[in-house]
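**Student:** Have a look at this one.
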Amino acid sequence: MSVASAAPHLEVQGLTKRFDAVVANDGVGLTVPQGSIHAVVGENGAGKTTLMRIVCGLEQADAGSVLVNGQRTASGSPQAAIALGLGMVHQRFQLISGLSALENLILGREPRRGVSIDRREARRQGQSLAEQLRTRMHWDQPVERLSVGTRQRLEIMRLLYRDARLLIFDEPTTVLTPGEVEDLFAILRDLAANGRTIVFISHKLTEVLAIADQVTVMRRGRAVATLEAKETNAGQLASLMVGDPKLVEVLEADRAEPRRTQDPREPALQLDGCTLRDTDGRSQLEGLNLRVDAGEILGVAGVEGNGQRELIDLALGFRRPDEGRVLLGGRDLTRLGVRGRRRVGLAYIPEDRDQEGLDRSGPIYRSAIALRYSRPPIRRAAGIMDGDSARAYAADLIERDRIVAAGTEAPVRSLSGGNAQRLVVGRELDESRPVLIAAHPSRGVDVTGTAFIHEQLLRLRAAGTAVLLVSEELAELIRLSDRILVLFEGRIVGAFKRGEVDIERLGRLMTGAEAARPA
Amino acid sequence: MSVHAGRAGAGTMLDARGAAASIGWALAPFLVALLAGALVLVVTGRDAVATYQLLAEQAFGGGTAIANTLAQATPVLFTGLATAFAFRAGVFNVGVEGALYLGAFGAAWVGFSFIGLPSPLLIGSALLLAALVGAAWSFIPGFLRARWQVDEVVTTLMLNFVAIGFTSYLVNGPFLAVGTANSMSPLVAPAARLASLAPPSQFSIGFLLALAVAAAFWFVFSRTTLGYELNLVGSSPRFAATAGISLLRVVVLAMIVSGLIAGLAGAVQVLGVNGRFIDHFSPGFGFTGIAVALLGRNTAVGCVLAALFFGALSNGSAMMQLFSDIPLDLVNVLSGLVMILAVVNFAGLRPRRFAPLPAVAEADEALRDRGGPA
């Protein structure tokens with residue numbers, strides 16, 4: 001850090017970028033000194049990712065300039081950005097599945113001996129990078145077998161392998177477990193201490209305050225403020241991000257809300273001794289008993305891959321249990337398919353909204369009417385679809401849920417993440433359904449979006465809906481759930497009432513660090 | 001409310017601009033193919049402009065020329081629509097050729113077996129049987145794909161050979177016309193023939209039937225809940241499954257309808273052009289249909305335009321041979337180029353405007369994970 005450089009490591013001046021009618025960046029300025037950790041916060045659609053894509057040469061700016069060490073960069077050239085030592089860890093990793101960790105590391109810049117790849121040299125360099133990050137890597141494993149956290153570290157190593165001096169992280173913690181977040185932060189601090197510069201994009205304010213030296217807040221394409229992390233707090237950042245003091249109040253109120261557990265009512269969704277095996281006969285769920293009552297939120301905690309997906313598939317009717325029964329409101333629906341269960345009254349907010357919750361390439365109205373197209377008034381006699389009433393319904397949804405969209409014909413992919421989520425939630429919760437399954441509902445969603453979905457879940461609970469909430473956000477689970485179950489390797493290893501458990505305990509149970517106790 | 005109306009207005013304007021851009025980019029493959037063809041002509045020492053002039057004259061110059069072009073467009077309009085129907089649901093059906101052969105034989109069989117029937121009834125039953133045979137044939141790969149994710153590109157392609165070989169056997173053995181040395185069925189009854197709309201050309205009411213199918217295609221995809229399901233399964237199978245749509249049902253149905261249209265293509269060729277089933281009669285109508293569907297971006301209007309293009313090319317070149325030394329192969333080069341360029345997404349070089357080709361991998365995954373008990 002003693003490297004006294006006259007110019008800041010990264011300087012952005014008056015950057016402007018338009019996509020059709022949308023201004024993604026509007027005269028953004030940013031200064032990042034060498035060796036610092038600089039956070040850029042803002043809601044989904046505030047322009048953070050666009051800004052960083054321009055810095056890395058992945059997008060071309062309409063106006064403005066990017067300077068690295070005082071030197072102006074060529075706009076829209078990723079090669080030039082790499083040559084200047086810029087590198088980015090994207091939200092979706094850029095690793096190639098099928099190739100090993102080592103092959104991914106060296107891809108595009110292989111050490112050579114004659115005409116062949118010098119694998120020994122590659123491995124030596126890989127090992128030294130792993131030591132630098134104080135981690136270990138299974139170099140010969142195909143990347144798809146590595147855990148998410150390991151894949152992320154591999155991405156970091158790839159950047160270091162290419163001599164990146166300025167590393168940009170786009171929402172790096174979204175995919176990590178709490179323990180992995182700590183590891184990542186340790187790595188980032190190390191890198192900064194060694195003179196590398198970190199730009200950290202996020203909308204999780206507590207994380208930002210824990211890791212960053214400075215914080216730049218973006219709102220609707222503008223950089224509205226840059227603050228020293230030590231001199232600000234989550235409340236100030238939130239109000240700068242949202243720009244609406246009332247919303248911030250709602251958020252704070254939600255955090256402080258005291259909960260009275262309601263009297264247990266009749267069970268709405270029941271899984272009764274459900275066992276599920278994969279095609280090789282390995283058990284994915286083992287004798288699972290689960291009950292969600294009307295008017296309660298049942299949280300399910302667990303690290304991805306421990307049976308949550310299978311649990312949701314069973315409840316929705318995508319798969320049938322090898323043993324056991326699924327009941328909805330006391331009715332045995334084990335043999336009923338997805339459509340039948342949806343009719344009986346199942347709402348579903350999927351984890352992967354892009355793939356499971358929306359038709360991204362289609363117009364908004366098509367995604368909006370997915371649960372209604374087969375009934376009047378949209379479906380008229382003889383399977384004729386009433387286009388007007390389909391569009392009218394979509395328009396109502398857009399207006400009611402304040403979805404920012406260019407009309408019902410605009411493609412879903414033109415929506416920002418938060419607005420896409422509103423569309424999914426609005427559609428699923430439009431009619432009262434006795435049971436809601438919500439999978440990681442706040443994943444990849446900003447402060448406003450999270451507040452919106454939490455508000456909806458609590459509203460439904462109060463109205464007597466049974467909510468099955470599957471999440472890895474332990475704070476979210478603890479805040480919202482009346483009861484929490486912990487899944488580990490397809491079994492329930494812990495069951496708690498509200499207030500009986502804290503994050504640390506859940507974390508230990510989820511990862512198998514604490515032995516199971518009878519549920 | 002006024003804000004709302006204003007936004008809707010802006011949307012319409014954007015749509016209009018988008019539509020204009022779409023049309024521009026949809027024309028790109030044709031233009032690039034014509035340029036490349038011109039290059040071939042110039043390199044081989046011929047006058048490109050004069051050749052194209054001659055080609056256009058032969059294809060569109062006068063009533064007879066236009067009638068012939070429409071006659072040539074008829075089978076590929078059918079096969080294009082058949083292919084597009086499956087594509088829309090994300091099924092890459094390359095087996096239209098096989099269903100066309102079986103449909104053609106079915107129609108011929110009705111035509112030469114029930115010669116006593118009155119004309120409308122005879123034609124009606126011939127078309128019906130052809131459609132049913134084509135549908136039943138295409139059900140097989142459709143079900144294999146939907147139930148066990150058997151790659152439909154492989155099955156439909158291979159089943160083509162089975163269908164062509166089987167019909168070949170039929171007209172070389174049991175149904176070989178008496179008194180002919182070549183492998184062909186007996187002639188269908190005169191009452192089974194489709195009337196020519198512009199004698200002596202082969203431009204028959206079959207073309208109107210093809211237009212009617214195109215209209216029905218448009219109607220299904222833009223005005224029915226079935227079309228909604230097909231669209232949704234084609235573009236987002238996982239979402240469709242989550243919404244409760246049975247992927248199995250929709251995929252199988254798409255293949256059945258595709259085969260049905262393909263069967264009609266064969267019937268119209270028999271009843272309107274050849275008058276009988278002839279062994280290996282199709283010069284690849286089913287495969288040209290793939291190009292028609294791709295060029296037509298899987299839309300009804302697009303397929304009509306693309307079919308007209310190929311019809312004109314085919315008719316113009318046949319006539320051109322009579323009046324010049326331009327080889328017929330030039331047209332094969334041109335249509336080959338158009339097919340390749342049709343797959344190149346010119347719009348992909350710009351911000352995306354068109355739906356991508358069927359996302360087969362995604363659909364398979366969805367069928368495997370989500371196709372089961374729904």
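By convention in this document, the chains of the structure tokens carry letters A, B, ... by their order, each chain's residues are numbered from 1, and ligands are numbered from 1 in the order they are shown.
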Enumerate the residues of segment 144-350 of chain A with a DSSP assignment of strand (DSSP E or B), computed from the backbone, and present them as JSON, numbers by chain.

**Tutor:** {"A": [166, 167, 168, 169, 170, 197, 198, 199, 200, 201, 202, 214, 215, 216, 217, 218, 219, 222, 223, 224, 225, 226, 227, 228, 267, 268, 269, 270, 271, 272, 273, 274, 275, 276, 277, 283, 284, 285, 286, 287, 288, 289, 290, 291, 292, 293, 297, 298, 299, 300, 301, 323, 324, 325, 326, 327, 328, 331, 332, 346, 347, 348, 349]}

**Student:** Write out as number ranges by chain which residues come within 10 Å of Leu240 of chain A when counting only C-alpha atoms, dropping same-chain ones fewer than 3 positions away.

**Tutor:** A: 41-42, 217-219, 224-225, 234-237, 243-245, 248

**Student:** Please identify the helix (DSSP H, G or I) residues within segment 144-340 of chain A (assignment by DSSP from backbone atoms) and present them as a ChimeraX atom specification.

**Tutor:** /A:144-145,148-161,178-193,205-211,229-231,234-242,245-256,308-316,338-340

**Student:** If we count only C-alpha atoms and set the cut-off at 9 Å, which residues sit around segment 73-79 of chain B, ignoring sequence neighbours fewer than 5 positions away in its own chain? Please answer as number ranges by chain.

**Tutor:** B: 68, 84, 96-97, 100, 203-204, 206-211, 213-214, 258, 261-262, 264-266, 268-269, 285-290, 292-293, 303-312, 314-315

**Student:** Determine, counting only C-alpha atoms, which protein, DNA and RNA residues have an atom within 10 Å of an atom of Arg379 of chain A; residues of the same chain fewer than 4 positions away are not included. Present the result as a ChimeraX atom specification.

**Tutor:** /A:372-375,383-387,389-390 /B:223-225

**Student:** Now that the selection is made, can you save its residues with N, CA, C and O atoms as a PDB file, in the first residue's frame?

**Tutor:**
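Generated file (part06.pdb):
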```pdb
ATOM      1  N   ARG A 372     -53.563 -18.884 -15.417  1.00  0.00           N
ATOM      2  CA  ARG A 372     -54.946 -18.501 -15.672  1.00  0.00           C
ATOM      3  C   ARG A 372     -55.389 -18.765 -17.094  1.00  0.00           C
ATOM      4  O   ARG A 372     -56.577 -18.676 -17.394  1.00  0.00           O
ATOM      5  N   TYR A 373     -54.452 -19.065 -17.959  1.00  0.00           N
ATOM      6  CA  TYR A 373     -54.801 -19.141 -19.380  1.00  0.00           C
ATOM      7  C   TYR A 373     -55.825 -20.224 -19.671  1.00  0.00           C
ATOM      8  O   TYR A 373     -56.535 -20.152 -20.667  1.00  0.00           O
ATOM      9  N   SER A 374     -55.901 -21.225 -18.799  1.00  0.00           N
ATOM     10  CA  SER A 374     -56.785 -22.353 -19.114  1.00  0.00           C
ATOM     11  C   SER A 374     -58.171 -22.197 -18.498  1.00  0.00           C
ATOM     12  O   SER A 374     -58.938 -23.145 -18.465  1.00  0.00           O
ATOM     13  N   ARG A 375     -58.469 -21.003 -17.975  1.00  0.00           N
ATOM     14  CA  ARG A 375     -59.781 -20.783 -17.373  1.00  0.00           C
ATOM     15  C   ARG A 375     -60.395 -19.499 -17.923  1.00  0.00           C
ATOM     16  O   ARG A 375     -59.673 -18.619 -18.385  1.00  0.00           O
ATOM     17  N   GLY A 383     -61.367 -23.704 -26.424  1.00  0.00           N
ATOM     18  CA  GLY A 383     -59.928 -23.486 -26.398  1.00  0.00           C
ATOM     19  C   GLY A 383     -59.453 -22.211 -27.061  1.00  0.00           C
ATOM     20  O   GLY A 383     -58.276 -22.042 -27.329  1.00  0.00           O
ATOM     21  N   ILE A 384     -60.391 -21.308 -27.358  1.00  0.00           N
ATOM     22  CA  ILE A 384     -59.991 -20.024 -27.920  1.00  0.00           C
ATOM     23  C   ILE A 384     -59.459 -19.154 -26.788  1.00  0.00           C
ATOM     24  O   ILE A 384     -60.030 -19.111 -25.704  1.00  0.00           O
ATOM     25  N   MET A 385     -58.343 -18.472 -27.059  1.00  0.00           N
ATOM     26  CA  MET A 385     -57.767 -17.614 -26.040  1.00  0.00           C
ATOM     27  C   MET A 385     -58.167 -16.173 -26.303  1.00  0.00           C
ATOM     28  O   MET A 385     -58.008 -15.681 -27.411  1.00  0.00           O
ATOM     29  N   ASP A 386     -58.661 -15.533 -25.275  1.00  0.00           N
ATOM     30  CA  ASP A 386     -59.061 -14.141 -25.407  1.00  0.00           C
ATOM     31  C   ASP A 386     -57.835 -13.260 -25.144  1.00  0.00           C
ATOM     32  O   ASP A 386     -57.482 -12.999 -23.997  1.00  0.00           O
ATOM     33  N   GLY A 387     -57.203 -12.836 -26.236  1.00  0.00           N
ATOM     34  CA  GLY A 387     -55.973 -12.055 -26.115  1.00  0.00           C
ATOM     35  C   GLY A 387     -56.173 -10.765 -25.348  1.00  0.00           C
ATOM     36  O   GLY A 387     -55.309 -10.358 -24.575  1.00  0.00           O
ATOM     37  N   SER A 389     -58.312 -10.095 -22.937  1.00  0.00           N
ATOM     38  CA  SER A 389     -58.419 -10.240 -21.492  1.00  0.00           C
ATOM     39  C   SER A 389     -57.107 -10.747 -20.912  1.00  0.00           C
ATOM     40  O   SER A 389     -56.783 -10.451 -19.763  1.00  0.00           O
ATOM     41  N   ALA A 390     -56.322 -11.485 -21.707  1.00  0.00           N
ATOM     42  CA  ALA A 390     -54.987 -11.885 -21.244  1.00  0.00           C
ATOM     43  C   ALA A 390     -54.125 -10.649 -21.004  1.00  0.00           C
ATOM     44  O   ALA A 390     -53.467 -10.510 -19.971  1.00  0.00           O
TER      45      ALA A 390
ATOM     46  N   ARG B 223     -54.244 -17.492 -31.256  1.00  0.00           N
ATOM     47  CA  ARG B 223     -55.584 -17.314 -30.717  1.00  0.00           C
ATOM     48  C   ARG B 223     -56.104 -18.458 -29.860  1.00  0.00           C
ATOM     49  O   ARG B 223     -57.252 -18.439 -29.465  1.00  0.00           O
ATOM     50  N   THR B 224     -55.276 -19.453 -29.604  1.00  0.00           N
ATOM     51  CA  THR B 224     -55.796 -20.575 -28.819  1.00  0.00           C
ATOM     52  C   THR B 224     -54.908 -20.873 -27.615  1.00  0.00           C
ATOM     53  O   THR B 224     -53.726 -20.515 -27.599  1.00  0.00           O
ATOM     54  N   THR B 225     -55.498 -21.511 -26.632  1.00  0.00           N
ATOM     55  CA  THR B 225     -54.718 -21.891 -25.445  1.00  0.00           C
ATOM     56  C   THR B 225     -53.716 -22.987 -25.797  1.00  0.00           C
ATOM     57  O   THR B 225     -52.652 -23.069 -25.195  1.00  0.00           O
TER      58      THR B 225
END
```

**Student:** Counting only C-alpha atoms, which residues from chain A have an atom at most 8 Å from any atom of chain B, and could you show them as a PyMOL selection string?

**Tutor:** chain A and resi 317-320+336-340+342+355-362+366+370-371+373-374+379+383-387+406-407+409-410

**Student:** Quick one: everything within 7 Å of segment 102-105 of chain B, counting only C-alpha atoms, minus sequence neighbours fewer than 5 positions away in the same chain. Send it as an MDAnalysis selection string.

**Tutor:** chainID B and resid 130:131 133:134 163 167 263:264 266:267 270 277

**Student:** Would you put the residues from that selection into a file with all heavy atoms, as a compact mmCIF listing (two decimals), in the first residue's frame?

**Tutor:**
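What landed in part17.txt:
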```txt
# COMPACT_ATOMS: atom_id res chain seq x y z
N ALA B 130 -54.38 -39.69 -45.44
CA ALA B 130 -53.00 -39.21 -45.51
C ALA B 130 -52.61 -38.51 -44.21
O ALA B 130 -51.53 -38.74 -43.64
CB ALA B 130 -52.83 -38.25 -46.69
N ALA B 131 -53.52 -37.66 -43.72
CA ALA B 131 -53.24 -36.92 -42.49
C ALA B 131 -53.08 -37.88 -41.31
O ALA B 131 -52.15 -37.75 -40.50
CB ALA B 131 -54.36 -35.92 -42.21
N VAL B 133 -52.28 -41.09 -41.36
CA VAL B 133 -51.06 -41.90 -41.48
C VAL B 133 -49.84 -41.08 -41.07
O VAL B 133 -48.99 -41.54 -40.31
CB VAL B 133 -50.92 -42.41 -42.94
CG1 VAL B 133 -49.55 -43.02 -43.15
CG2 VAL B 133 -51.99 -43.44 -43.25
N GLY B 134 -49.78 -39.84 -41.58
CA GLY B 134 -48.65 -38.98 -41.22
C GLY B 134 -48.59 -38.73 -39.73
O GLY B 134 -47.52 -38.78 -39.11
N ALA B 163 -39.62 -45.14 -43.96
CA ALA B 163 -40.86 -44.79 -44.67
C ALA B 163 -40.66 -44.84 -46.18
O ALA B 163 -41.48 -45.39 -46.92
CB ALA B 163 -41.32 -43.39 -44.25
N THR B 167 -42.58 -47.60 -48.58
CA THR B 167 -43.47 -47.25 -49.70
C THR B 167 -42.89 -47.76 -51.02
O THR B 167 -43.62 -48.16 -51.92
CB THR B 167 -43.67 -45.73 -49.79
OG1 THR B 167 -42.41 -45.08 -49.79
CG2 THR B 167 -44.51 -45.21 -48.65
N GLY B 263 -48.41 -35.35 -43.90
CA GLY B 263 -49.22 -36.31 -44.65
C GLY B 263 -50.04 -35.60 -45.73
O GLY B 263 -50.14 -36.07 -46.88
N LEU B 264 -50.60 -34.45 -45.38
CA LEU B 264 -51.36 -33.67 -46.36
C LEU B 264 -50.47 -33.25 -47.53
O LEU B 264 -50.89 -33.24 -48.69
CB LEU B 264 -51.95 -32.42 -45.70
CG LEU B 264 -53.15 -32.63 -44.76
CD1 LEU B 264 -53.58 -31.29 -44.18
CD2 LEU B 264 -54.30 -33.29 -45.51
N GLY B 266 -48.02 -34.85 -48.80
CA GLY B 266 -47.90 -35.98 -49.71
C GLY B 266 -49.16 -36.18 -50.52
O GLY B 266 -49.12 -36.41 -51.74
N ALA B 267 -50.30 -36.06 -49.85
CA ALA B 267 -51.58 -36.28 -50.53
C ALA B 267 -51.77 -35.28 -51.65
O ALA B 267 -52.17 -35.63 -52.78
CB ALA B 267 -52.72 -36.16 -49.51
N VAL B 270 -49.75 -36.10 -54.67
CA VAL B 270 -50.29 -37.23 -55.43
C VAL B 270 -51.56 -36.82 -56.18
O VAL B 270 -51.69 -37.04 -57.39
CB VAL B 270 -50.61 -38.41 -54.49
CG1 VAL B 270 -51.51 -39.42 -55.18
CG2 VAL B 270 -49.32 -39.07 -54.04
N PHE B 277 -48.93 -42.70 -56.85
CA PHE B 277 -47.73 -42.71 -56.02
C PHE B 277 -46.57 -43.23 -56.84
O PHE B 277 -46.65 -44.31 -57.42
CB PHE B 277 -47.92 -43.59 -54.78
CG PHE B 277 -46.73 -43.55 -53.86
CD1 PHE B 277 -46.66 -42.62 -52.83
CD2 PHE B 277 -45.65 -44.40 -54.06
CE1 PHE B 277 -45.55 -42.55 -52.01
CE2 PHE B 277 -44.53 -44.33 -53.24
CZ PHE B 277 -44.48 -43.41 -52.22
```

**Student:** From the set A:Gly444, A:Arg331, A:Val215, A:Ala229, which residue has the shortest atom-to-atom contact distance to Thr173 of chain A, counting only C-alpha atoms?

**Tutor:**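 Selected residue with least distance to Thr173 of chain A: A:Gly444.
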
**Student:** Rounded to one decimal place, report the atom CA of Phe166 of chain B-atom CA of Thr83 of chain B distance in Å.

**Tutor:**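 Answer for the atom CA of Phe166 of chain B to atom CA of Thr83 of chain B separation: 22.1 Å.
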
**Student:** Any idea what's packed within 7 Å of Val40 of chain A, counting only C-alpha atoms, ignoring anything in its chain fewer than 6 positions away? Could you give it as an NGL selection string?

**Tutor:** :A and (48 or 200-202 or 215-217)

**Student:** Residues near segment 146-153 of chain A, anyone? I mean within 10 Å using only C-alpha atoms, not counting same-chain ones fewer than 3 positions away, as a VMD selection string.

**Tutor:** chain A and resid 89 to 95 100 to 101 130 133 135 to 139 141 to 143 156 to 159 172 to 173 175 to 177 179 to 181 183 to 184 187 304

**Student:** With only C-alpha atoms as the atoms that count, which of A:Leu271, A:Val66, A:Ala39, A:Ile492 lies nearest to Glu228 of chain A?

**Tutor:**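 Among the listed residues, the smallest separation from Glu228 of chain A belongs to A:Ala39.
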
**Student:** Please measure the separation of atom CA of Ala67 of chain B and atom CA of Pro283 of chain B, giving the value in Å to one decimal.

**Tutor:**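 Pair atom CA of Ala67 of chain B / atom CA of Pro283 of chain B returns 19.8 Å.
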
**Student:** So how many Å separate atom CA of Ile96 of chain A and atom CA of Glu59 of chain A, to one decimal?

**Tutor:**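 One can read the atom CA of Ile96 of chain A to atom CA of Glu59 of chain A distance as 22.0 Å.
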